[in-house]
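What's in input17.cif: mmCIF, C-alpha atoms and all ligand atoms
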```cif
data_model
loop_
_atom_site.group_PDB
_atom_site.id
_atom_site.type_symbol
_atom_site.label_atom_id
_atom_site.label_comp_id
_atom_site.auth_asym_id
_atom_site.auth_seq_id
_atom_site.Cartn_x
_atom_site.Cartn_y
_atom_site.Cartn_z
ATOM 1 C CA MET A 869 -39.075 154.286 55.918
ATOM 2 C CA GLU A 870 -40.434 156.517 58.676
ATOM 3 C CA GLN A 871 -38.940 154.699 61.638
ATOM 4 C CA LEU A 872 -35.145 154.475 61.432
ATOM 5 C CA SER A 873 -34.306 153.702 65.049
ATOM 6 C CA GLY A 874 -33.502 150.031 65.636
ATOM 7 C CA ARG A 875 -32.857 149.266 61.957
ATOM 8 C CA ALA A 876 -29.551 147.928 60.678
ATOM 9 C CA ALA A 877 -27.589 149.556 57.859
ATOM 10 C CA TRP A 878 -24.715 148.470 55.627
ATOM 11 C CA ILE A 879 -22.498 151.243 54.327
ATOM 12 C CA THR A 880 -19.580 150.639 51.983
ATOM 13 C CA GLY A 881 -16.879 153.274 51.740
ATOM 14 C CA ALA A 882 -17.835 154.110 55.323
ATOM 15 C CA ALA A 883 -14.374 155.207 56.482
ATOM 16 C CA SER A 884 -14.335 158.557 54.678
ATOM 17 C CA GLY A 885 -16.384 161.292 53.044
ATOM 18 C CA ILE A 886 -20.047 160.666 52.271
ATOM 19 C CA GLY A 887 -20.074 157.143 53.743
ATOM 20 C CA LEU A 888 -18.583 158.305 57.037
ATOM 21 C CA ALA A 889 -20.962 161.270 57.307
ATOM 22 C CA LEU A 890 -23.896 158.953 56.578
ATOM 23 C CA ALA A 891 -22.707 156.506 59.250
ATOM 24 C CA HIS A 892 -22.726 159.321 61.827
ATOM 25 C CA ARG A 893 -26.104 160.617 60.676
ATOM 26 C CA LEU A 894 -27.703 157.153 60.847
ATOM 27 C CA ALA A 895 -26.041 156.450 64.212
ATOM 28 C CA ASP A 896 -27.692 159.640 65.513
ATOM 29 C CA GLU A 897 -31.033 158.115 64.436
ATOM 30 C CA GLY A 898 -30.325 154.932 66.443
ATOM 31 C CA VAL A 899 -29.472 152.752 63.433
ATOM 32 C CA ARG A 900 -27.029 149.841 63.970
ATOM 33 C CA LEU A 901 -24.175 149.899 61.481
ATOM 34 C CA ALA A 902 -22.093 147.517 59.401
ATOM 35 C CA LEU A 903 -19.223 149.640 58.085
ATOM 36 C CA VAL A 904 -17.327 148.242 55.114
ATOM 37 C CA ASP A 905 -14.139 149.771 53.760
ATOM 38 C CA VAL A 906 -10.820 148.705 52.269
ATOM 39 C CA GLU A 907 -8.778 151.230 54.301
ATOM 40 C CA GLU A 908 -7.971 149.564 57.615
ATOM 41 C CA ALA A 909 -6.694 152.544 59.655
ATOM 42 C CA ALA A 910 -9.463 154.924 58.561
ATOM 43 C CA LEU A 911 -12.052 152.211 59.224
ATOM 44 C CA GLN A 912 -10.744 151.677 62.767
ATOM 45 C CA GLN A 913 -10.915 155.426 63.402
ATOM 46 C CA ALA A 914 -14.490 155.570 62.104
ATOM 47 C CA GLU A 915 -15.480 152.600 64.271
ATOM 48 C CA ALA A 916 -13.923 154.154 67.392
ATOM 49 C CA ALA A 917 -15.582 157.545 66.817
ATOM 50 C CA LEU A 918 -19.000 155.953 66.306
ATOM 51 C CA ARG A 919 -18.618 153.629 69.307
ATOM 52 C CA ALA A 920 -17.608 156.639 71.427
ATOM 53 C CA LYS A 921 -21.016 158.188 70.731
ATOM 54 C CA GLY A 922 -22.777 154.966 71.700
ATOM 55 C CA ALA A 923 -23.488 153.468 68.272
ATOM 56 C CA THR A 924 -23.674 149.720 67.643
ATOM 57 C CA VAL A 925 -20.974 149.135 65.034
ATOM 58 C CA LEU A 926 -19.568 146.181 63.137
ATOM 59 C CA ALA A 927 -16.496 147.228 61.128
ATOM 60 C CA ILE A 928 -15.515 144.935 58.278
ATOM 61 C CA ARG A 929 -12.404 145.439 56.192
ATOM 62 C CA ALA A 930 -13.280 144.334 52.678
ATOM 63 C CA ASP A 931 -12.629 145.338 49.087
ATOM 64 C CA VAL A 932 -16.041 145.864 47.452
ATOM 65 C CA SER A 933 -14.672 144.691 44.108
ATOM 66 C CA ASN A 934 -13.791 141.268 45.515
ATOM 67 C CA ALA A 935 -16.798 138.921 45.299
ATOM 68 C CA GLU A 936 -15.442 136.456 47.879
ATOM 69 C CA ALA A 937 -14.544 139.172 50.385
ATOM 70 C CA MET A 938 -17.974 140.741 49.928
ATOM 71 C CA LYS A 939 -19.684 137.386 50.431
ATOM 72 C CA ALA A 940 -17.873 136.964 53.755
ATOM 73 C CA ALA A 941 -18.617 140.580 54.742
ATOM 74 C CA ALA A 942 -22.329 140.231 53.971
ATOM 75 C CA ALA A 943 -22.480 136.965 55.946
ATOM 76 C CA ARG A 944 -20.923 138.715 58.967
ATOM 77 C CA ALA A 945 -23.395 141.591 58.768
ATOM 78 C CA LEU A 946 -26.361 139.201 58.459
ATOM 79 C CA GLU A 947 -25.075 137.080 61.345
ATOM 80 C CA ALA A 948 -24.702 140.174 63.546
ATOM 81 C CA PHE A 949 -27.979 141.917 62.666
ATOM 82 C CA GLY A 950 -30.275 139.230 61.232
ATOM 83 C CA VAL A 951 -31.672 141.598 58.630
ATOM 84 C CA VAL A 952 -29.889 144.549 57.037
ATOM 85 C CA HIS A 953 -32.666 147.051 56.325
ATOM 86 C CA ILE A 954 -30.704 149.934 54.795
ATOM 87 C CA VAL A 955 -28.184 148.883 52.141
ATOM 88 C CA CYS A 956 -25.891 151.746 51.117
ATOM 89 C CA ASN A 957 -23.635 150.767 48.230
ATOM 90 C CA ASN A 958 -21.465 153.854 48.373
ATOM 91 C CA ALA A 959 -17.772 152.984 47.966
ATOM 92 C CA GLY A 960 -16.320 154.516 44.843
ATOM 93 C CA VAL A 961 -13.142 155.786 43.244
ATOM 94 C CA GLY A 962 -12.503 158.632 40.847
ATOM 95 C CA GLY A 963 -10.695 156.379 38.395
ATOM 96 C CA GLY A 964 -8.101 157.600 35.949
ATOM 97 C CA GLY A 965 -8.412 161.077 34.438
ATOM 98 C CA GLY A 966 -7.622 162.276 30.941
ATOM 99 C CA PRO A 967 -8.446 161.466 27.333
ATOM 100 C CA MET A 968 -10.109 158.070 27.054
ATOM 101 C CA TRP A 969 -7.838 156.803 24.299
ATOM 102 C CA LEU A 970 -4.837 157.124 26.635
ATOM 103 C CA MET A 971 -6.371 155.198 29.514
ATOM 104 C CA SER A 972 -5.051 151.750 30.276
ATOM 105 C CA GLU A 973 -7.008 148.552 30.674
ATOM 106 C CA THR A 974 -6.299 148.692 34.414
ATOM 107 C CA ASP A 975 -7.716 152.241 34.645
ATOM 108 C CA TRP A 976 -10.985 150.859 33.304
ATOM 109 C CA LYS A 977 -10.909 147.609 35.260
ATOM 110 C CA TRP A 978 -10.230 149.244 38.628
ATOM 111 C CA THR A 979 -13.032 151.782 38.203
ATOM 112 C CA ILE A 980 -15.588 149.278 36.902
ATOM 113 C CA ASP A 981 -14.697 146.688 39.561
ATOM 114 C CA VAL A 982 -15.161 149.143 42.451
ATOM 115 C CA ASN A 983 -17.858 151.546 41.233
ATOM 116 C CA LEU A 984 -20.076 149.050 39.405
ATOM 117 C CA HIS A 985 -19.347 145.536 40.641
ATOM 118 C CA GLY A 986 -19.126 146.832 44.236
ATOM 119 C CA VAL A 987 -22.739 148.026 43.977
ATOM 120 C CA VAL A 988 -23.871 144.810 42.290
ATOM 121 C CA HIS A 989 -22.251 142.664 44.989
ATOM 122 C CA GLY A 990 -24.105 144.581 47.714
ATOM 123 C CA ILE A 991 -27.450 144.057 45.963
ATOM 124 C CA ARG A 992 -26.805 140.402 45.157
ATOM 125 C CA LEU A 993 -25.590 139.479 48.637
ATOM 126 C CA LEU A 994 -27.953 141.430 50.889
ATOM 127 C CA LEU A 995 -31.289 141.777 49.112
ATOM 128 C CA PRO A 996 -32.378 138.100 49.143
ATOM 129 C CA ALA A 997 -32.379 138.004 52.973
ATOM 130 C CA LEU A 998 -34.051 141.419 53.234
ATOM 131 C CA ILE A 999 -36.829 140.501 50.788
ATOM 132 C CA ALA A 1000 -37.344 137.095 52.423
ATOM 133 C CA SER A 1001 -37.691 138.756 55.855
ATOM 134 C CA GLY A 1002 -40.726 140.704 54.632
ATOM 135 C CA GLU A 1003 -39.433 143.694 56.589
ATOM 136 C CA GLU A 1004 -39.304 147.216 55.257
ATOM 137 C CA GLY A 1005 -36.013 148.114 53.580
ATOM 138 C CA HIS A 1006 -34.243 150.677 51.450
ATOM 139 C CA VAL A 1007 -31.297 150.481 49.053
ATOM 140 C CA VAL A 1008 -29.220 153.612 48.482
ATOM 141 C CA ASN A 1009 -26.801 153.358 45.559
ATOM 142 C CA THR A 1010 -24.257 156.133 45.237
ATOM 143 C CA ALA A 1011 -23.946 157.328 41.640
ATOM 144 C CA SER A 1012 -23.097 160.961 40.860
ATOM 145 C CA ILE A 1013 -24.352 163.893 38.834
ATOM 146 C CA ALA A 1014 -21.890 162.314 36.354
ATOM 147 C CA GLY A 1015 -24.415 159.451 36.160
ATOM 148 C CA VAL A 1016 -26.878 161.700 34.331
ATOM 149 C CA THR A 1017 -24.424 163.962 32.468
ATOM 150 C CA SER A 1018 -21.258 163.209 30.488
ATOM 151 C CA PRO A 1019 -18.309 165.377 31.564
ATOM 152 C CA PRO A 1020 -15.078 164.769 29.607
ATOM 153 C CA PHE A 1021 -11.766 163.275 30.852
ATOM 154 C CA MET A 1022 -13.303 160.859 33.336
ATOM 155 C CA ALA A 1023 -14.920 158.300 31.039
ATOM 156 C CA PRO A 1024 -14.528 155.178 33.234
ATOM 157 C CA TYR A 1025 -16.059 157.064 36.173
ATOM 158 C CA VAL A 1026 -18.894 158.489 34.077
ATOM 159 C CA ALA A 1027 -19.635 155.111 32.478
ATOM 160 C CA THR A 1028 -19.859 153.373 35.874
ATOM 161 C CA LYS A 1029 -22.048 156.096 37.347
ATOM 162 C CA HIS A 1030 -24.458 155.924 34.387
ATOM 163 C CA ALA A 1031 -24.548 152.161 34.974
ATOM 164 C CA VAL A 1032 -25.373 152.672 38.666
ATOM 165 C CA VAL A 1033 -28.250 155.028 37.790
ATOM 166 C CA ALA A 1034 -29.592 152.565 35.215
ATOM 167 C CA LEU A 1035 -29.311 149.476 37.420
ATOM 168 C CA SER A 1036 -30.969 151.377 40.281
ATOM 169 C CA GLU A 1037 -33.917 152.207 38.017
ATOM 170 C CA CYS A 1038 -34.147 148.521 37.016
ATOM 171 C CA LEU A 1039 -33.934 147.469 40.674
ATOM 172 C CA ALA A 1040 -36.775 149.795 41.732
ATOM 173 C CA LYS A 1041 -39.026 148.366 39.006
ATOM 174 C CA GLU A 1042 -38.109 144.765 39.803
ATOM 175 C CA LEU A 1043 -38.755 145.249 43.536
ATOM 176 C CA GLU A 1044 -42.134 146.828 42.802
ATOM 177 C CA LEU A 1045 -43.117 143.955 40.498
ATOM 178 C CA ALA A 1046 -41.975 141.475 43.179
ATOM 179 C CA HIS A 1047 -44.188 143.326 45.754
ATOM 180 C CA ALA A 1048 -41.142 143.692 48.015
ATOM 181 C CA LYS A 1049 -41.278 146.300 50.763
ATOM 182 C CA VAL A 1050 -37.903 147.637 49.679
ATOM 183 C CA ALA A 1051 -37.483 151.140 48.261
ATOM 184 C CA VAL A 1052 -34.539 152.360 46.215
ATOM 185 C CA SER A 1053 -32.692 155.658 45.983
ATOM 186 C CA VAL A 1054 -29.877 156.665 43.698
ATOM 187 C CA LEU A 1055 -27.646 159.421 45.003
ATOM 188 C CA CYS A 1056 -26.481 161.887 42.333
ATOM 189 C CA PRO A 1057 -24.354 164.550 44.008
ATOM 190 C CA GLY A 1058 -22.243 167.241 42.399
ATOM 191 C CA PHE A 1059 -18.949 168.113 44.073
ATOM 192 C CA VAL A 1060 -18.659 167.140 47.744
ATOM 193 C CA ARG A 1061 -15.667 167.970 49.963
ATOM 194 C CA THR A 1062 -14.229 164.469 50.532
ATOM 195 C CA ASN A 1063 -11.089 162.467 49.753
ATOM 196 C CA ILE A 1064 -12.356 161.340 46.316
ATOM 197 C CA ALA A 1065 -9.624 163.279 44.467
ATOM 198 C CA THR A 1066 -7.013 161.047 46.144
ATOM 199 C CA SER A 1067 -8.761 157.757 45.308
ATOM 200 C CA GLU A 1068 -5.465 156.476 43.874
ATOM 201 C CA ARG A 1069 -4.526 155.732 47.511
ATOM 202 C CA ASN A 1070 -6.724 152.627 47.272
ATOM 203 C CA ARG A 1071 -5.671 151.500 43.828
ATOM 204 C CA PRO A 1072 -4.504 147.866 43.881
ATOM 205 C CA GLU A 1073 -1.795 148.214 41.245
ATOM 206 C CA ALA A 1074 -0.234 151.414 39.995
ATOM 207 C CA ALA A 1075 -0.721 152.062 36.291
ATOM 208 C CA PRO A 1076 0.544 155.178 34.527
ATOM 209 C CA GLY A 1077 -2.623 155.328 32.414
ATOM 210 C CA ALA A 1078 -3.166 158.862 31.150
ATOM 211 C CA GLY A 1079 -1.336 160.387 34.123
ATOM 212 C CA ASP A 1080 1.545 161.808 32.077
ATOM 213 C CA ASN A 1081 -0.725 163.604 29.602
ATOM 214 C CA PRO A 1082 -0.948 167.432 30.028
ATOM 215 C CA LEU A 1083 -4.750 167.380 29.707
ATOM 216 C CA ALA A 1084 -4.907 164.656 32.365
ATOM 217 C CA ALA A 1085 -2.660 166.677 34.684
ATOM 218 C CA LYS A 1086 -4.785 169.814 34.141
ATOM 219 C CA PHE A 1087 -7.948 167.821 34.740
ATOM 220 C CA GLY A 1088 -6.517 166.305 37.958
ATOM 221 C CA GLY A 1089 -5.727 169.780 39.341
ATOM 222 C CA ALA A 1090 -9.136 171.160 38.363
ATOM 223 C CA LEU A 1091 -10.914 168.172 39.902
ATOM 224 C CA ARG A 1092 -9.100 168.628 43.207
ATOM 225 C CA GLN A 1093 -10.156 172.291 43.320
ATOM 226 C CA LEU A 1094 -13.764 171.513 42.428
ATOM 227 C CA VAL A 1095 -13.983 168.782 45.089
ATOM 228 C CA ASP A 1096 -12.369 171.046 47.707
ATOM 229 C CA SER A 1097 -14.944 173.750 46.957
ATOM 230 C CA GLY A 1098 -17.820 171.254 47.132
ATOM 231 C CA ILE A 1099 -20.557 170.990 49.745
ATOM 232 C CA ALA A 1100 -20.027 169.245 53.099
ATOM 233 C CA ALA A 1101 -20.571 165.481 53.231
ATOM 234 C CA GLU A 1102 -22.859 166.037 56.236
ATOM 235 C CA LYS A 1103 -25.266 167.941 53.980
ATOM 236 C CA VAL A 1104 -25.389 164.952 51.620
ATOM 237 C CA ALA A 1105 -26.001 162.583 54.553
ATOM 238 C CA GLU A 1106 -28.891 164.793 55.689
ATOM 239 C CA GLU A 1107 -30.423 164.620 52.204
ATOM 240 C CA ILE A 1108 -30.078 160.817 52.132
ATOM 241 C CA VAL A 1109 -31.940 160.494 55.445
ATOM 242 C CA ARG A 1110 -34.686 162.757 54.099
ATOM 243 C CA ALA A 1111 -34.944 160.558 50.985
ATOM 244 C CA LEU A 1112 -35.153 157.420 53.159
ATOM 245 C CA ARG A 1113 -38.111 158.936 54.996
ATOM 246 C CA GLU A 1114 -39.789 160.136 51.782
ATOM 247 C CA LYS A 1115 -38.945 156.961 49.798
ATOM 248 C CA ARG A 1116 -37.542 159.345 47.170
ATOM 249 C CA PHE A 1117 -35.751 157.630 44.275
ATOM 250 C CA TYR A 1118 -33.475 160.347 42.822
ATOM 251 C CA ILE A 1119 -31.381 162.292 45.309
ATOM 252 C CA PHE A 1120 -29.971 165.470 43.770
ATOM 253 C CA THR A 1121 -27.949 167.477 46.285
ATOM 254 C CA HIS A 1122 -26.933 170.197 43.807
ATOM 255 C CA PRO A 1123 -30.111 171.753 42.304
ATOM 256 C CA GLU A 1124 -27.980 174.260 40.359
ATOM 257 C CA MET A 1125 -26.737 171.326 38.244
ATOM 258 C CA LYS A 1126 -30.207 170.228 37.141
ATOM 259 C CA PRO A 1127 -30.274 172.521 34.061
ATOM 260 C CA GLY A 1128 -27.217 170.605 32.773
ATOM 261 C CA VAL A 1129 -29.168 167.356 33.110
ATOM 262 C CA GLU A 1130 -32.167 168.856 31.346
ATOM 263 C CA HIS A 1131 -29.915 170.193 28.576
ATOM 264 C CA ARG A 1132 -28.415 166.713 28.004
ATOM 265 C CA MET A 1133 -31.852 165.037 27.959
ATOM 266 C CA LYS A 1134 -33.044 167.573 25.390
ATOM 267 C CA GLN A 1135 -29.923 167.041 23.244
ATOM 268 C CA ILE A 1136 -30.635 163.300 23.237
ATOM 269 C CA LEU A 1137 -34.255 163.738 22.202
ATOM 270 C CA ASP A 1138 -33.243 166.323 19.580
ATOM 271 C CA GLU A 1139 -30.590 163.872 18.291
ATOM 272 C CA GLN A 1140 -27.853 166.487 18.682
ATOM 273 C CA THR A 1141 -24.118 165.874 19.094
ATOM 274 C CA PRO A 1142 -23.346 166.328 22.818
ATOM 275 C CA GLY A 1143 -21.936 169.789 23.480
ATOM 276 C CA ILE A 1144 -19.177 170.499 26.002
ATOM 277 C CA ASP A 1145 -20.600 171.389 29.419
ATOM 278 C CA PRO A 1146 -20.023 175.120 30.160
ATOM 279 C CA LEU A 1147 -17.859 174.279 33.208
ATOM 280 C CA PHE A 1148 -15.463 172.200 31.093
ATOM 281 C CA ARG A 1149 -15.503 174.690 28.206
ATOM 282 C CA ALA A 1150 -14.333 177.329 30.708
ATOM 283 C CA LEU A 1151 -11.599 175.031 32.058
ATOM 284 C CA PHE A 1152 -10.238 173.635 28.804
ATOM 285 C CA GLY A 1153 -11.215 176.116 26.098
HETATM 286 N N1 LIG B 1 -16.918 163.725 46.452
HETATM 287 C C1 LIG B 1 -17.619 164.016 45.357
HETATM 288 O O1 LIG B 1 -17.521 165.134 44.801
HETATM 289 C C2 LIG B 1 -18.577 162.994 44.797
HETATM 290 C C3 LIG B 1 -19.516 163.418 43.842
HETATM 291 C C4 LIG B 1 -20.396 162.494 43.314
HETATM 292 C C5 LIG B 1 -20.365 161.173 43.737
HETATM 293 N N2 LIG B 1 -19.439 160.787 44.668
HETATM 294 C C6 LIG B 1 -19.426 159.382 45.060
HETATM 295 O O2 LIG B 1 -19.534 159.263 46.458
HETATM 296 C C7 LIG B 1 -19.014 158.003 46.872
HETATM 297 C C8 LIG B 1 -18.164 158.175 48.094
HETATM 298 O O3 LIG B 1 -16.993 158.917 47.734
HETATM 299 P P1 LIG B 1 -16.417 160.117 48.608
HETATM 300 O O4 LIG B 1 -16.540 161.347 47.790
HETATM 301 O O5 LIG B 1 -16.978 160.082 49.973
HETATM 302 O O6 LIG B 1 -14.850 159.751 48.578
HETATM 303 P P2 LIG B 1 -13.849 159.263 49.731
HETATM 304 O O7 LIG B 1 -12.604 158.890 49.024
HETATM 305 O O8 LIG B 1 -13.772 160.301 50.802
HETATM 306 O O9 LIG B 1 -14.558 157.973 50.325
HETATM 307 C C9 LIG B 1 -14.627 156.781 49.589
HETATM 308 C C10 LIG B 1 -14.437 155.591 50.521
HETATM 309 O O10 LIG B 1 -14.495 154.406 49.735
HETATM 310 C C11 LIG B 1 -13.448 153.536 50.140
HETATM 311 N N3 LIG B 1 -13.080 152.637 49.063
HETATM 312 C C12 LIG B 1 -12.407 152.919 47.913
HETATM 313 N N4 LIG B 1 -12.196 151.807 47.208
HETATM 314 C C13 LIG B 1 -12.756 150.787 47.931
HETATM 315 C C14 LIG B 1 -12.860 149.394 47.717
HETATM 316 N N5 LIG B 1 -12.325 148.806 46.639
HETATM 317 N N6 LIG B 1 -13.502 148.651 48.650
HETATM 318 C C15 LIG B 1 -14.008 149.226 49.773
HETATM 319 N N7 LIG B 1 -13.927 150.532 50.024
HETATM 320 C C16 LIG B 1 -13.310 151.313 49.106
HETATM 321 C C17 LIG B 1 -12.299 154.483 50.518
HETATM 322 O O11 LIG B 1 -11.351 153.846 51.353
HETATM 323 C C18 LIG B 1 -13.054 155.612 51.198
HETATM 324 O O12 LIG B 1 -13.177 155.369 52.584
HETATM 325 C C19 LIG B 1 -18.276 157.441 45.643
HETATM 326 O O13 LIG B 1 -19.066 156.438 45.041
HETATM 327 C C20 LIG B 1 -18.148 158.638 44.736
HETATM 328 O O14 LIG B 1 -18.066 158.275 43.387
HETATM 329 C C21 LIG B 1 -18.556 161.664 45.207
#
```
Written form, structure tokens:
Amino acid sequence: MEQLSGRAAWITGAASGIGLALAHRLADEGVRLALVDVEEAALQQAEAALRAKGATVLAIRADVSNAEAMKAAAARALEAFGVVHIVCNNAGVGGGGGPMWLMSETDWKWTIDVNLHGVVHGIRLLLPALIASGEEGHVVNTASIAGVTSPPFMAPYVATKHAVVALSECLAKELELAHAKVAVSVLCPGFVRTNIATSERNRPEAAPGAGDNPLAAKFGGALRQLVDSGIAAEKVAEEIVRALREKRFYIFTHPEMKPGVEHRMKQILDEQTPGIDPLFRALFG
């Protein structure tokens, strides 16, 4: 999509981190915005900041895991903009941390509902109108480098991110076979300095899960440090805009992590037992 100005975009998880940075970057390109987030106060702040710089903004408080709420949100965006050209299914949570066998059913459900069903709802509710319009469009699904690797102690997160990579690949093929003018990207960042390490703030019901386990506690601390030392969200937003223009499918913002992906692919083809990633070997011995 060469011409961004005048298009309309939908961004979930738009009140913080990558979603917020992307909203600002697209606003700078003259894109009209539907911002979707579950956090009311942060969403209002994002809306005000974007309006102050002259952007056209529709802020919708909705939980991406709630099919009914998403249906209403998508209807509002379509009513306001007619067509939503750029669909960014970005909202996500870190999920519970720790050994998988200690995680509760709600740890799994919360992560799958937000990280996977949230993306599916966006596709299901916005793509029919975009395809029917015949206009050029682009879907950007936020996965993670954890969608193409398998780091330990975050299994629900890793499983949902692998699912987002896989469904994005399916979507790209299906759109091509349907001759739709809609491209797809899947965003696979490494660590980005955002509020992801405090995702529990948006958890619907508290569940102890693996939280009391020493490995889980160690992992939580390490994750916070890694996220805090990550790249700026603005850099990720810049890369997404470049991918929109280039119609690039995979968006890797951390080239230094590609050897880890290659190593995993080779292990699969060599039918080897997955080894511990060097980063996690250093952290946990
Ligand atoms: N930060 C990283 O290191 C990193 C790395 C790889 C991938 N990601 C992915 O990037 C995406 C954005 O995360 P971020 O790092 O900007 O974190 P963030 O916490 O700063 O932003 C996430 C946003 O999603 C919103 N959100 C959470 N649950 C929601 C729900 N149920 N419904 C609607 N909105 C909800 C939050 O309120 C928040 O505004 C996520 O999908 C995350 O998995 C982040």
Compile a residue-level contact table for chain A against ligand LIG 1 (chain B) at a cut-off of 8 Å, reporting for every qualifying residue the shortest atom pair and its distance in Å to one decimal, with all atoms listed in the file counted, rows ordered by chain and ascending number, as CSV.
```
residue,atom,partner,partner_atom,distance
A:Thr880,CA,B:LIG1,N7,6.0
A:Gly881,CA,B:LIG1,O10,3.3
A:Ala882,CA,B:LIG1,O12,5.5
A:Ala883,CA,B:LIG1,O12,4.1
A:Ser884,CA,B:LIG1,O12,4.0
A:Gly885,CA,B:LIG1,O5,3.4
A:Ile886,CA,B:LIG1,O5,3.9
A:Gly887,CA,B:LIG1,O5,5.7
A:Leu888,CA,B:LIG1,O5,7.5
A:Val904,CA,B:LIG1,C15,6.4
A:Asp905,CA,B:LIG1,N7,3.8
A:Val906,CA,B:LIG1,C15,4.1
A:Glu907,CA,B:LIG1,O11,4.7
A:Ala910,CA,B:LIG1,O12,7.1
A:Leu911,CA,B:LIG1,O12,7.4
A:Arg929,CA,B:LIG1,C15,7.6
A:Ala930,CA,B:LIG1,C15,5.7
A:Asp931,CA,B:LIG1,N6,3.5
A:Val932,CA,B:LIG1,N6,4.0
A:Ser933,CA,B:LIG1,N5,5.4
A:Asn934,CA,B:LIG1,N5,7.8
A:Asn957,CA,B:LIG1,O13,8.0
A:Asn958,CA,B:LIG1,O13,4.9
A:Ala959,CA,B:LIG1,O10,4.0
A:Gly960,CA,B:LIG1,O13,3.4
A:Val961,CA,B:LIG1,O14,5.5
A:Gly962,CA,B:LIG1,O14,6.1
A:Asp981,CA,B:LIG1,N5,7.8
A:Val982,CA,B:LIG1,N5,5.1
A:Asn983,CA,B:LIG1,O13,6.3
A:Gly986,CA,B:LIG1,N6,7.4
A:Thr1010,CA,B:LIG1,O13,5.2
A:Ala1011,CA,B:LIG1,C5,5.7
A:Ser1012,CA,B:LIG1,C4,4.0
A:Ile1013,CA,B:LIG1,C4,6.1
A:Ala1014,CA,B:LIG1,C4,7.1
A:Tyr1025,CA,B:LIG1,O14,7.6
A:Lys1029,CA,B:LIG1,O14,7.6
A:Leu1055,CA,B:LIG1,C5,7.6
A:Cys1056,CA,B:LIG1,C4,6.2
A:Pro1057,CA,B:LIG1,C4,4.5
A:Gly1058,CA,B:LIG1,C3,4.9
A:Phe1059,CA,B:LIG1,O1,3.4
A:Val1060,CA,B:LIG1,O1,3.7
A:Arg1061,CA,B:LIG1,N1,5.6
A:Thr1062,CA,B:LIG1,O8,4.2
A:Asn1063,CA,B:LIG1,O8,3.6
A:Ile1064,CA,B:LIG1,O7,3.7
A:Ala1065,CA,B:LIG1,O7,7.0
A:Thr1066,CA,B:LIG1,O7,6.6
A:Ser1067,CA,B:LIG1,O7,5.5
A:Asn1070,CA,B:LIG1,N4,5.5
A:Arg1071,CA,B:LIG1,N4,7.4
A:Leu1094,CA,B:LIG1,O1,7.8
A:Val1095,CA,B:LIG1,O1,5.1
A:Gly1098,CA,B:LIG1,O1,6.6
A:Ala1101,CA,B:LIG1,O5,7.3
```
Using all atoms of stretch 1049-1062 of chain A that appear in the file, construct an axis-aligned enclosing box with 5 Å of padding on every side and provide its centre coordinates and edge lengths in Å, rounded to one decimal, as lines of an AutoDock Vina configuration file.
```
center_x = -27.8
center_y = 157.2
center_z = 46.5
size_x = 37.0
size_y = 31.8
size_z = 18.4
```
> Quick one: residues within 8 Å of stretch 1112-1115 of chain A, all atoms listed in the file counted, chain neighbours fewer than 5 positions away excluded, as a VMD selection string?
Replying inline: chain A and resid 869 to 871 1006 1051 to 1053
Residues just named, written with C-alpha atoms as an mmCIF file, in the coordinates of the input:
```
data_model
loop_
_atom_site.group_PDB
_atom_site.id
_atom_site.type_symbol
_atom_site.label_atom_id
_atom_site.label_comp_id
_atom_site.auth_asym_id
_atom_site.auth_seq_id
_atom_site.Cartn_x
_atom_site.Cartn_y
_atom_site.Cartn_z
ATOM 1 C CA MET A 869 -39.075 154.286 55.918
ATOM 2 C CA GLU A 870 -40.434 156.517 58.676
ATOM 3 C CA GLN A 871 -38.940 154.699 61.638
ATOM 4 C CA HIS A 1006 -34.243 150.677 51.450
ATOM 5 C CA ALA A 1051 -37.483 151.140 48.261
ATOM 6 C CA VAL A 1052 -34.539 152.360 46.215
ATOM 7 C CA SER A 1053 -32.692 155.658 45.983
#
```
> Between A:Val1008, A:Ile999, A:Ala1111, A:Ala1105, which one has atoms that come closest to A:Glu1042, using all atoms listed in the file?
Replying inline: A:Ile999
Selection dump of the PyMOL selection byres (((chain A and resi 924) around 7) and not hetatm), as a compact mmCIF listing (two decimals) with C-alpha atoms, in the coordinates of the input:
```
# COMPACT_ATOMS: atom_id res chain seq x y z
CA ARG A 900 -27.03 149.84 63.97
CA LEU A 901 -24.18 149.90 61.48
CA ARG A 919 -18.62 153.63 69.31
CA GLY A 922 -22.78 154.97 71.70
CA ALA A 923 -23.49 153.47 68.27
CA VAL A 925 -20.97 149.14 65.03
```
>> When you look at A:Pro1082 with a cut-off of 12 Å (counting only C-alpha atoms), what residues show up, excluding the ones that are within fewer than 5 positions of it in the same chain? I need them as a list in words.
In response: Gly965, Gly966, Pro967, Leu970, Phe1021, Phe1087, Gly1088, Gly1089 and Phe1152 of chain A
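Counting from atom CA of A:Arg1069, the distance to atom CA of A:Gln912 is 17.0 Å.
Note that atom CA of A:Val955 and atom CA of A:Ala1046 are 18.0 Å apart.
Candidate residues A:Ala1023, A:Ala1031, A:Ala948, A:Ala935 were compared for distance to A:Trp969, and the nearest is A:Ala1023, using only C-alpha atoms.
We find atom CA of A:His1131 and atom CA of A:Gln1093 to be spaced 24.7 Å apart.
For the residues A:Ser1097, A:Ala941, A:Phe1120, A:Ile879, ranking by smallest atom-to-atom distance to A:Ala914 using all atoms listed in the file places A:Ile879 first.
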>> With the PyMOL selection byres (((chain A and resi 1002) around 10) and not hetatm) as the selection, what would be picked from this file? Answer as a ChimeraX atom specification, please.
In response: /A:951,997-1001,1003-1005,1047-1050
> If you apply the PyMOL selection byres (((chain A and resi 897) around 10) and not hetatm) to this file, what residues do you get, as a list in words?
Replying inline: Gln871, Leu872, Ser873, Gly874, Arg875, Ala891, His892, Arg893, Leu894, Ala895, Asp896, Gly898, Val899, Arg900, Ala923 and Val1109 of chain A
